[in-house]
>>> print(open('run_21.txt').read())   # compact mmCIF, C-alpha atoms
# COMPACT_ATOMS: atom_id res chain seq x y z
CA MET A 1 0.00 0.00 0.00
CA GLU A 2 1.29 3.42 -0.93
CA ASN A 3 -0.21 6.45 0.78
CA ASN A 4 0.48 9.56 -1.26
CA GLN A 5 -1.46 11.81 1.10
CA VAL A 6 1.15 11.70 3.89
CA LYS A 7 4.84 11.86 3.04
CA HIS A 8 6.35 12.08 6.51
CA PRO A 9 4.37 10.28 9.21
CA ALA A 10 4.79 11.66 12.71
CA ALA A 11 6.05 9.45 15.52
CA LEU A 12 3.41 8.00 17.82
CA SER A 13 4.14 7.97 21.53
CA THR A 14 2.28 5.63 23.89
CA GLU A 15 2.79 7.85 26.92
CA SER A 16 -0.41 9.86 26.51
CA LEU A 17 -2.77 7.08 25.41
CA GLY A 18 -3.84 5.95 28.87
CA PRO A 19 -6.34 3.14 29.41
CA THR A 20 -7.18 1.69 26.01
CA CYS A 21 -9.89 -0.43 24.40
CA VAL A 22 -9.23 -2.31 21.16
CA ILE A 23 -12.03 -3.18 18.70
CA ILE A 24 -11.22 -6.45 16.89
CA PRO A 25 -13.27 -7.44 13.81
CA HIS A 26 -11.92 -11.03 13.73
CA PRO A 27 -9.55 -12.99 15.94
CA ASP A 28 -6.03 -12.18 14.63
CA ASP A 29 -6.75 -8.54 13.66
CA GLU A 30 -5.51 -7.40 17.07
CA ALA A 31 -2.10 -9.04 16.51
CA LEU A 32 -1.83 -7.96 12.88
CA GLY A 33 -2.94 -4.37 13.18
CA CYS A 34 -1.89 -3.24 16.64
CA GLY A 35 -0.16 -6.08 18.49
CA GLY A 36 2.95 -4.00 19.03
CA LEU A 37 1.05 -1.09 20.50
CA LEU A 38 -0.94 -3.38 22.79
CA ALA A 39 2.26 -4.98 24.09
CA LEU A 40 3.87 -1.57 24.68
CA LEU A 41 0.81 -0.32 26.54
CA ARG A 42 0.86 -3.30 28.88
CA LEU A 43 4.61 -2.93 29.44
CA ALA A 44 3.89 0.66 30.48
CA GLY A 45 1.28 -0.56 32.96
CA GLN A 46 -1.74 0.76 31.07
CA SER A 47 -4.98 -1.19 31.24
CA VAL A 48 -6.21 -2.65 27.95
CA SER A 49 -9.64 -4.12 27.25
CA ALA A 50 -10.68 -5.95 24.10
CA VAL A 51 -13.91 -6.29 22.10
CA LEU A 52 -14.29 -9.06 19.52
CA VAL A 53 -16.94 -8.12 16.98
CA SER A 54 -17.50 -11.22 14.80
CA ASP A 55 -17.75 -14.85 15.83
CA GLY A 56 -14.85 -15.87 13.55
CA SER A 57 -16.65 -18.99 12.36
CA ALA A 58 -16.59 -18.35 8.59
CA SER A 59 -12.89 -18.96 7.92
CA HIS A 60 -13.52 -22.65 7.23
CA PRO A 61 -17.22 -22.84 6.33
CA ASN A 62 -17.07 -26.28 4.66
CA SER A 63 -15.86 -28.14 7.74
CA LYS A 64 -18.16 -30.96 8.81
CA VAL A 65 -16.01 -32.09 11.73
CA PHE A 66 -16.15 -28.62 13.29
CA SER A 67 -19.58 -27.07 13.63
CA PRO A 68 -19.90 -23.27 13.48
CA GLU A 69 -20.03 -23.27 17.28
CA ALA A 70 -16.87 -25.37 17.47
CA ARG A 71 -15.06 -23.12 15.01
CA ARG A 72 -16.12 -20.11 17.04
CA ALA A 73 -14.77 -21.72 20.21
CA VAL A 74 -11.41 -22.41 18.55
CA ARG A 75 -11.07 -18.87 17.24
CA GLU A 76 -12.06 -17.31 20.56
CA GLY A 77 -9.58 -19.56 22.34
CA GLU A 78 -6.84 -18.45 19.97
CA LEU A 79 -7.76 -14.82 20.66
CA ARG A 80 -7.48 -15.31 24.41
CA HIS A 81 -4.08 -16.94 23.92
CA ALA A 82 -2.88 -14.09 21.71
CA LEU A 83 -4.12 -11.43 24.12
CA SER A 84 -2.36 -13.22 26.98
CA VAL A 85 0.89 -13.19 24.99
CA LEU A 86 0.46 -9.42 24.65
CA GLY A 87 -0.08 -9.09 28.40
CA ILE A 88 -3.89 -8.79 28.34
CA ASP A 89 -5.55 -11.33 30.62
CA ASP A 90 -9.01 -9.81 31.08
CA GLU A 91 -11.84 -11.58 29.28
CA PRO A 92 -12.75 -9.83 26.01
CA LEU A 93 -16.27 -8.63 25.31
CA LEU A 94 -17.67 -11.00 22.68
CA LEU A 95 -20.32 -9.47 20.40
CA ARG A 96 -20.48 -12.68 18.28
CA LEU A 97 -21.87 -11.04 15.18
CA PRO A 98 -21.88 -13.15 11.99
CA ASP A 99 -18.42 -13.49 10.47
CA GLY A 100 -18.52 -12.04 6.97
CA ALA A 101 -21.82 -10.27 7.61
CA VAL A 102 -21.25 -7.88 10.50
CA PRO A 103 -24.06 -5.30 10.34
CA ALA A 104 -22.84 -1.91 9.21
CA ALA A 105 -25.88 0.35 9.69
CA PRO A 106 -28.81 0.78 12.08
CA GLY A 107 -31.25 -0.77 9.61
CA GLN A 108 -29.38 -4.08 9.55
CA PRO A 109 -30.25 -6.83 12.05
CA GLY A 110 -28.12 -6.76 15.18
CA PHE A 111 -26.49 -3.35 14.65
CA VAL A 112 -28.43 -1.36 17.25
CA GLU A 113 -28.14 -4.08 19.88
CA ALA A 114 -24.39 -4.55 19.33
CA ALA A 115 -23.78 -0.79 19.38
CA ALA A 116 -25.71 -0.53 22.64
CA ARG A 117 -23.63 -3.30 24.26
CA LEU A 118 -20.43 -1.64 23.14
CA HIS A 119 -21.66 1.77 24.28
CA GLU A 120 -22.36 0.42 27.75
CA ALA A 121 -18.94 -1.24 27.96
CA LEU A 122 -17.22 2.01 26.93
CA ARG A 123 -19.35 4.02 29.34
CA GLN A 124 -18.31 1.80 32.22
CA GLN A 125 -14.64 1.49 31.28
CA GLU A 126 -14.09 5.11 30.17
CA PRO A 127 -10.99 4.35 28.07
CA GLN A 128 -8.91 7.33 27.03
CA THR A 129 -8.05 5.69 23.69
CA LEU A 130 -10.02 3.49 21.31
CA LEU A 131 -8.13 1.36 18.77
CA LEU A 132 -10.29 0.42 15.81
CA PRO A 133 -9.87 -0.64 12.18
CA TRP A 134 -9.26 2.03 9.57
CA ARG A 135 -12.65 3.31 8.44
CA ARG A 136 -12.14 2.14 4.84
CA ASP A 137 -10.02 -0.92 5.46
CA PRO A 138 -11.05 -3.08 2.48
CA HIS A 139 -12.94 -5.81 4.32
CA PRO A 140 -16.67 -5.30 4.95
CA ASP A 141 -16.46 -6.53 8.55
CA HIS A 142 -13.69 -4.02 9.30
CA ARG A 143 -15.74 -1.15 7.91
CA ALA A 144 -18.78 -2.39 9.81
CA SER A 145 -16.74 -2.60 13.04
CA TYR A 146 -15.69 1.02 12.55
CA ALA A 147 -19.34 2.02 12.05
CA LEU A 148 -20.38 0.13 15.19
CA ALA A 149 -17.69 1.89 17.18
CA GLN A 150 -18.86 5.30 15.97
CA ALA A 151 -22.44 4.51 16.96
CA ALA A 152 -21.26 3.24 20.35
CA CYS A 153 -19.24 6.38 21.03
CA ALA A 154 -22.19 8.67 20.34
CA GLY A 155 -23.43 10.17 23.57
CA LEU A 156 -20.53 9.08 25.74
CA PRO A 157 -19.78 11.67 28.43
CA HIS A 158 -16.04 11.31 27.76
CA PRO A 159 -15.50 10.05 24.19
CA PRO A 160 -12.12 8.35 23.77
CA ARG A 161 -9.43 9.45 21.39
CA GLN A 162 -9.52 7.21 18.30
CA LEU A 163 -6.55 5.57 16.60
CA GLU A 164 -7.28 3.59 13.43
CA TYR A 165 -5.09 0.64 12.44
CA LEU A 166 -4.56 -1.07 9.09
CA VAL A 167 -4.94 -4.74 8.18
CA TRP A 168 -6.24 -5.42 4.68
CA ALA A 169 -5.36 -2.00 3.33
CA TRP A 170 -1.76 -3.17 2.98
CA GLU A 171 -2.87 -5.71 0.37
CA ARG A 172 -6.12 -4.54 -1.15
CA ALA A 173 -6.54 -0.79 -0.81
CA ALA A 174 -7.75 1.14 -3.82
CA PRO A 175 -6.71 4.81 -3.98
CA ALA A 176 -10.11 5.87 -2.65
CA ASP A 177 -9.66 3.62 0.40
CA LEU A 178 -6.66 5.60 1.58
CA PRO A 179 -6.87 8.81 3.64
CA GLN A 180 -8.23 11.77 1.71
CA PRO A 181 -7.92 15.46 2.64
CA ALA A 182 -11.56 15.49 3.74
CA ASP A 183 -10.82 12.81 6.34
CA LYS A 184 -8.58 15.24 8.27
CA VAL A 185 -6.39 12.48 9.66
CA GLN A 186 -2.69 12.30 10.31
CA GLU A 187 -0.53 9.24 9.72
CA LEU A 188 1.43 8.15 12.79
CA ARG A 189 4.28 5.66 12.95
CA LEU A 190 5.00 3.60 16.07
CA ASP A 191 8.37 1.96 16.70
CA ILE A 192 7.65 -1.58 17.95
CA ALA A 193 11.12 -3.09 17.54
CA ALA A 194 11.36 -3.81 21.27
CA VAL A 195 8.18 -5.92 21.27
CA LEU A 196 8.19 -7.31 17.72
CA PRO A 197 8.97 -10.89 18.90
CA GLN A 198 6.01 -10.63 21.28
CA LYS A 199 3.74 -9.44 18.47
CA LEU A 200 4.83 -12.35 16.26
CA ARG A 201 4.17 -14.84 19.06
CA ALA A 202 0.69 -13.39 19.44
CA LEU A 203 0.09 -13.78 15.72
CA ALA A 204 1.35 -17.38 15.86
CA ALA A 205 -1.30 -18.07 18.52
CA HIS A 206 -3.88 -17.88 15.73
CA ARG A 207 -2.81 -21.29 14.40
CA SER A 208 -6.01 -21.94 12.48
CA GLN A 209 -5.34 -18.86 10.33
CA ILE A 210 -1.61 -19.38 9.77
CA ALA A 211 -1.21 -22.96 8.56
CA PRO A 212 -3.27 -26.09 7.83
CA GLY A 213 -3.87 -28.59 10.57
CA VAL A 214 -6.50 -27.14 12.90
CA PHE A 215 -9.67 -27.32 10.82
CA THR A 216 -8.57 -30.46 9.05
CA ASP A 217 -11.48 -31.16 6.69
CA ASP A 218 -11.78 -27.88 4.77
CA ALA A 219 -8.87 -27.67 2.35
CA GLU A 220 -10.34 -24.53 0.79
CA GLY A 221 -10.60 -22.72 4.10
CA PHE A 222 -9.02 -19.33 4.69
CA LEU A 223 -5.37 -18.91 5.60
CA LEU A 224 -3.52 -15.61 5.86
CA PRO A 225 -1.35 -15.24 2.74
CA ALA A 226 2.37 -15.63 3.41
CA GLY A 227 3.12 -12.50 1.40
CA MET A 228 0.72 -10.52 3.55
CA LEU A 229 2.18 -11.83 6.81
CA VAL A 230 5.61 -10.50 5.85
CA ARG A 231 4.20 -6.98 5.98
CA PHE A 232 3.47 -7.43 9.69
CA GLU A 233 7.00 -8.49 10.55
CA ARG A 234 8.24 -4.91 10.25
CA PRO A 235 9.48 -3.11 13.39
CA TYR A 236 6.79 -0.44 13.17
CA GLU A 237 3.03 -0.01 12.96
CA ILE A 238 1.01 2.70 11.21
CA TYR A 239 -2.04 4.44 12.65
CA TYR A 240 -4.35 7.24 11.59
CA ALA A 241 -5.58 9.83 14.09
CA PRO A 242 -7.51 13.11 13.87
CA ALA A 243 -5.07 15.69 12.55
CA ASP A 244 -5.87 18.18 15.32
CA ARG A 245 -4.86 15.74 18.08
CA GLU A 246 -1.12 15.61 17.34
>>> encode(input="run_21.txt", output="structure tokens")
Amino acid sequence: MENNQVKHPAALSTESLGPTCVIIPHPDDEALGCGGLLALLRLAGQSVSAVLVSDGSASHPNSKVFSPEARRAVREGELRHALSVLGIDDEPLLLRLPDGAVPAAPGQPGFVEAAARLHEALRQQEPQTLLLPWRRDPHPDHRASYALAQAACAGLPHPPRQLEYLVWAWERAAPADLPQPADKVQELRLDIAAVLPQKLRALAAHRSQIAPGVFTDDAEGFLLPAGMLVRFERPYEIYYAPADRE
């Protein structure tokens, strides 16, 4: 992905982020998009909570050995393992919306209820920072997760600062998917060299998405492309934030 809107990304510091909540469309997005930041926050003693939006069951839809409920249990177990590797031991909030069909607008089934659950969690936790997928990350569940987060933040007495992370944009972004002047966002670069091994261990916890052998009877099931994974082995992460906040 080439972003021609921002030539010189500013450095992101974790010192001012405070207690943080991360919105995760699918198990593995937390490690891919912001695993380094999560690890650094926990090393600094900041509290981190997690919200898993989809049920993760659609990665291997043709499996007969593993029912959708069993696939969901595997993926949620992998998420807990990955979060633990990153230093996050609290139980994530599980919205369990349909993988591949997360509702993206109030008129779609489940949107209002999920936004209300997330709103209540944010109201109680009062995080200073919300990590969420880039608003036009080219996967419909990522865009829907962003929309849910915006609906959930509406009306909060203390809305959190938002940092948007990239996952599929590195591979699939069209020019229109990238930040535009009207978005009024700034690109920020975070040095994660000190915790890169930790991030990669968290990613490896998602075994069912990395290599065959977990869901054994769906040879056509989804696996993260090797070429894509290389992009997340770099010693930095990229975020977008409102331009007037830095």
>>> residues_around(input="run_21.txt", residues="stretch 157-160 of chain A", least_positions_apart="3", cutoff="8 Å", atoms="only C-alpha atoms", output="number ranges by chain")
A: 123, 126-130, 153-154
>>> atom_distance(input="run_21.txt", atom1="atom CA of A:Ser208", atom2="atom CA of A:Val53")
18.2 Å
>>> residues_around(input="run_21.txt", residues="A:Gln125", least_positions_apart="6", cutoff="12 Å", atoms="only C-alpha atoms", output="list in words")
Gly18, Pro19, Thr20, Cys21, Ser47, Val48, Ser49, Ala50, Leu93, Leu118, His119, Leu156, Pro157, His158, Pro159 and Pro160 of chain A
>>> residues_around(input="run_21.txt", residues="A:Leu83", least_positions_apart="5", cutoff="8 Å", atoms="all atoms listed in the file", output="PDB file with C-alpha atoms, in the frame of the given file")
ATOM      1  CA  ILE A  88      -3.890  -8.790  28.340  1.00  0.00           C
ATOM      2  CA  ASP A  89      -5.550 -11.330  30.620  1.00  0.00           C
ATOM      3  CA  ALA A 202       0.690 -13.390  19.440  1.00  0.00           C
TER       4      ALA A 202
END
>>> residues_around(input="run_21.txt", residues="A:Gly155", least_positions_apart="6", cutoff="12 Å", atoms="only C-alpha atoms", output="list in words")
Ala115, Ala116, His119, Glu120, Leu122, Arg123 and Ala149 of chain A
>>> residues_around(input="run_21.txt", residues="A:Ile192", least_positions_apart="5", cutoff="7 Å", atoms="only C-alpha atoms", output="list in words")
Gly36, Pro235, Tyr236 and Glu237 of chain A
>>> closest_residue(input="run_21.txt", among="A:Ala58, A:Leu131, A:Ala70, A:Cys34", to="A:Leu17", atoms="only C-alpha atoms")
A:Leu131
>>> closest_residue(input="run_21.txt", among="A:Tyr165, A:Phe66, A:Trp170, A:Phe222", to="A:Arg189", atoms="only C-alpha atoms")
A:Tyr165
>>> atom_distance(input="run_21.txt", atom1="atom CA of A:Ser13", atom2="atom CA of A:Ala44")
11.6 Å
>>> atom_distance(input="run_21.txt", atom1="atom CA of A:Asp99", atom2="atom CA of A:Ala121")
21.4 Å
>>> closest_residue(input="run_21.txt", among="A:His139, A:Lys184, A:Lys199, A:His8", to="A:Val167", atoms="all atoms listed in the file")
A:His139
>>> closest_residue(input="run_21.txt", among="A:Leu200, A:Met228, A:Val195, A:Ile23", to="A:Gln150", atoms="all atoms listed in the file")
A:Ile23
>>> closest_residue(input="run_21.txt", among="A:Val112, A:Ala144, A:Ala219, A:Ala11", to="A:Pro25", atoms="all atoms listed in the file")
A:Ala144
>>> residues_near_point(input="run_21.txt", point="(-13.4, 0.4, 4.0)", cutoff="10 Å", atoms="all atoms listed in the file", output="VMD selection string")
chain A and resid 133 to 144 146 168 to 169 173 to 174 176 to 178
>>> build_atoms(input="run_21.txt", residues="stretch 146-179 of chain A", atoms="N, CA and C atoms", output="mmCIF file, in the frame of the given file")
data_model
loop_
_atom_site.group_PDB
_atom_site.id
_atom_site.type_symbol
_atom_site.label_atom_id
_atom_site.label_comp_id
_atom_site.auth_asym_id
_atom_site.auth_seq_id
_atom_site.Cartn_x
_atom_site.Cartn_y
_atom_site.Cartn_z
ATOM 1 N N TYR A 146 -15.907 -0.420 12.382
ATOM 2 C CA TYR A 146 -15.690 1.020 12.550
ATOM 3 C C TYR A 146 -17.034 1.729 12.757
ATOM 4 N N ALA A 147 -18.020 1.383 11.934
ATOM 5 C CA ALA A 147 -19.340 2.020 12.050
ATOM 6 C C ALA A 147 -19.976 1.718 13.400
ATOM 7 N N LEU A 148 -19.851 0.485 13.869
ATOM 8 C CA LEU A 148 -20.380 0.130 15.190
ATOM 9 C C LEU A 148 -19.719 0.961 16.279
ATOM 10 N N ALA A 149 -18.409 1.125 16.165
ATOM 11 C CA ALA A 149 -17.690 1.890 17.180
ATOM 12 C C ALA A 149 -18.148 3.346 17.194
ATOM 13 N N GLN A 150 -18.395 3.919 16.002
ATOM 14 C CA GLN A 150 -18.860 5.300 15.970
ATOM 15 C C GLN A 150 -20.234 5.422 16.623
ATOM 16 N N ALA A 151 -21.110 4.479 16.343
ATOM 17 C CA ALA A 151 -22.440 4.510 16.960
ATOM 18 C C ALA A 151 -22.336 4.336 18.471
ATOM 19 N N ALA A 152 -21.418 3.471 18.913
ATOM 20 C CA ALA A 152 -21.260 3.240 20.350
ATOM 21 C C ALA A 152 -20.694 4.443 21.074
ATOM 22 N N CYS A 153 -19.851 5.213 20.401
ATOM 23 C CA CYS A 153 -19.240 6.380 21.030
ATOM 24 C C CYS A 153 -20.195 7.563 21.135
ATOM 25 N N ALA A 154 -21.239 7.552 20.330
ATOM 26 C CA ALA A 154 -22.190 8.670 20.340
ATOM 27 C C ALA A 154 -22.827 8.776 21.725
ATOM 28 N N GLY A 155 -22.789 9.948 22.284
ATOM 29 C CA GLY A 155 -23.430 10.170 23.570
ATOM 30 C C GLY A 155 -22.599 9.828 24.785
ATOM 31 N N LEU A 156 -21.373 9.355 24.589
ATOM 32 C CA LEU A 156 -20.530 9.080 25.740
ATOM 33 C C LEU A 156 -20.147 10.395 26.420
ATOM 34 N N PRO A 157 -20.155 10.430 27.750
ATOM 35 C CA PRO A 157 -19.780 11.670 28.430
ATOM 36 C C PRO A 157 -18.322 12.056 28.202
ATOM 37 N N HIS A 158 -17.466 11.053 28.007
ATOM 38 C CA HIS A 158 -16.040 11.310 27.760
ATOM 39 C C HIS A 158 -15.584 10.445 26.578
ATOM 40 N N PRO A 159 -15.875 10.864 25.353
ATOM 41 C CA PRO A 159 -15.500 10.050 24.190
ATOM 42 C C PRO A 159 -13.990 9.841 24.135
ATOM 43 N N PRO A 160 -13.561 8.615 23.834
ATOM 44 C CA PRO A 160 -12.120 8.350 23.770
ATOM 45 C C PRO A 160 -11.491 8.907 22.503
ATOM 46 N N ARG A 161 -10.203 9.155 22.592
ATOM 47 C CA ARG A 161 -9.430 9.450 21.390
ATOM 48 C C ARG A 161 -9.431 8.192 20.524
ATOM 49 N N GLN A 162 -9.490 8.358 19.201
ATOM 50 C CA GLN A 162 -9.520 7.210 18.300
ATOM 51 C C GLN A 162 -8.234 7.109 17.499
ATOM 52 N N LEU A 163 -7.684 5.897 17.459
ATOM 53 C CA LEU A 163 -6.550 5.570 16.600
ATOM 54 C C LEU A 163 -6.993 4.422 15.704
ATOM 55 N N GLU A 164 -6.832 4.590 14.400
ATOM 56 C CA GLU A 164 -7.280 3.590 13.430
ATOM 57 C C GLU A 164 -6.083 2.814 12.886
ATOM 58 N N TYR A 165 -6.185 1.484 12.902
ATOM 59 C CA TYR A 165 -5.090 0.640 12.440
ATOM 60 C C TYR A 165 -5.435 -0.042 11.126
ATOM 61 N N LEU A 166 -4.416 -0.477 10.417
ATOM 62 C CA LEU A 166 -4.560 -1.070 9.090
ATOM 63 C C LEU A 166 -4.358 -2.579 9.149
ATOM 64 N N VAL A 167 -5.155 -3.296 8.380
ATOM 65 C CA VAL A 167 -4.940 -4.740 8.180
ATOM 66 C C VAL A 167 -4.956 -5.031 6.688
ATOM 67 N N TRP A 168 -6.145 -5.051 6.085
ATOM 68 C CA TRP A 168 -6.240 -5.420 4.680
ATOM 69 C C TRP A 168 -5.857 -4.305 3.722
ATOM 70 N N ALA A 169 -5.764 -3.096 4.208
ATOM 71 C CA ALA A 169 -5.360 -2.000 3.330
ATOM 72 C C ALA A 169 -3.972 -2.216 2.754
ATOM 73 N N TRP A 170 -3.111 -2.919 3.489
ATOM 74 C CA TRP A 170 -1.760 -3.170 2.980
ATOM 75 C C TRP A 170 -1.781 -3.985 1.690
ATOM 76 N N GLU A 171 -2.799 -4.813 1.524
ATOM 77 C CA GLU A 171 -2.870 -5.710 0.370
ATOM 78 C C GLU A 171 -3.878 -5.251 -0.686
ATOM 79 N N ARG A 172 -4.979 -4.682 -0.259
ATOM 80 C CA ARG A 172 -6.120 -4.540 -1.150
ATOM 81 C C ARG A 172 -6.600 -3.120 -1.374
ATOM 82 N N ALA A 173 -5.980 -2.140 -0.757
ATOM 83 C CA ALA A 173 -6.540 -0.790 -0.810
ATOM 84 C C ALA A 173 -6.523 -0.217 -2.219
ATOM 85 N N ALA A 174 -7.669 0.305 -2.630
ATOM 86 C CA ALA A 174 -7.750 1.140 -3.820
ATOM 87 C C ALA A 174 -7.410 2.573 -3.405
ATOM 88 N N PRO A 175 -7.050 3.427 -4.356
ATOM 89 C CA PRO A 175 -6.710 4.810 -3.980
ATOM 90 C C PRO A 175 -7.775 5.484 -3.123
ATOM 91 N N ALA A 176 -9.037 5.223 -3.413
ATOM 92 C CA ALA A 176 -10.110 5.870 -2.650
ATOM 93 C C ALA A 176 -10.219 5.343 -1.232
ATOM 94 N N ASP A 177 -9.629 4.167 -0.954
ATOM 95 C CA ASP A 177 -9.660 3.620 0.400
ATOM 96 C C ASP A 177 -8.697 4.317 1.338
ATOM 97 N N LEU A 178 -7.694 4.971 0.786
ATOM 98 C CA LEU A 178 -6.660 5.600 1.580
ATOM 99 C C LEU A 178 -7.128 6.965 2.086
ATOM 100 N N PRO A 179 -6.441 7.506 3.093
ATOM 101 C CA PRO A 179 -6.870 8.810 3.640
ATOM 102 C C PRO A 179 -6.931 9.885 2.561
#
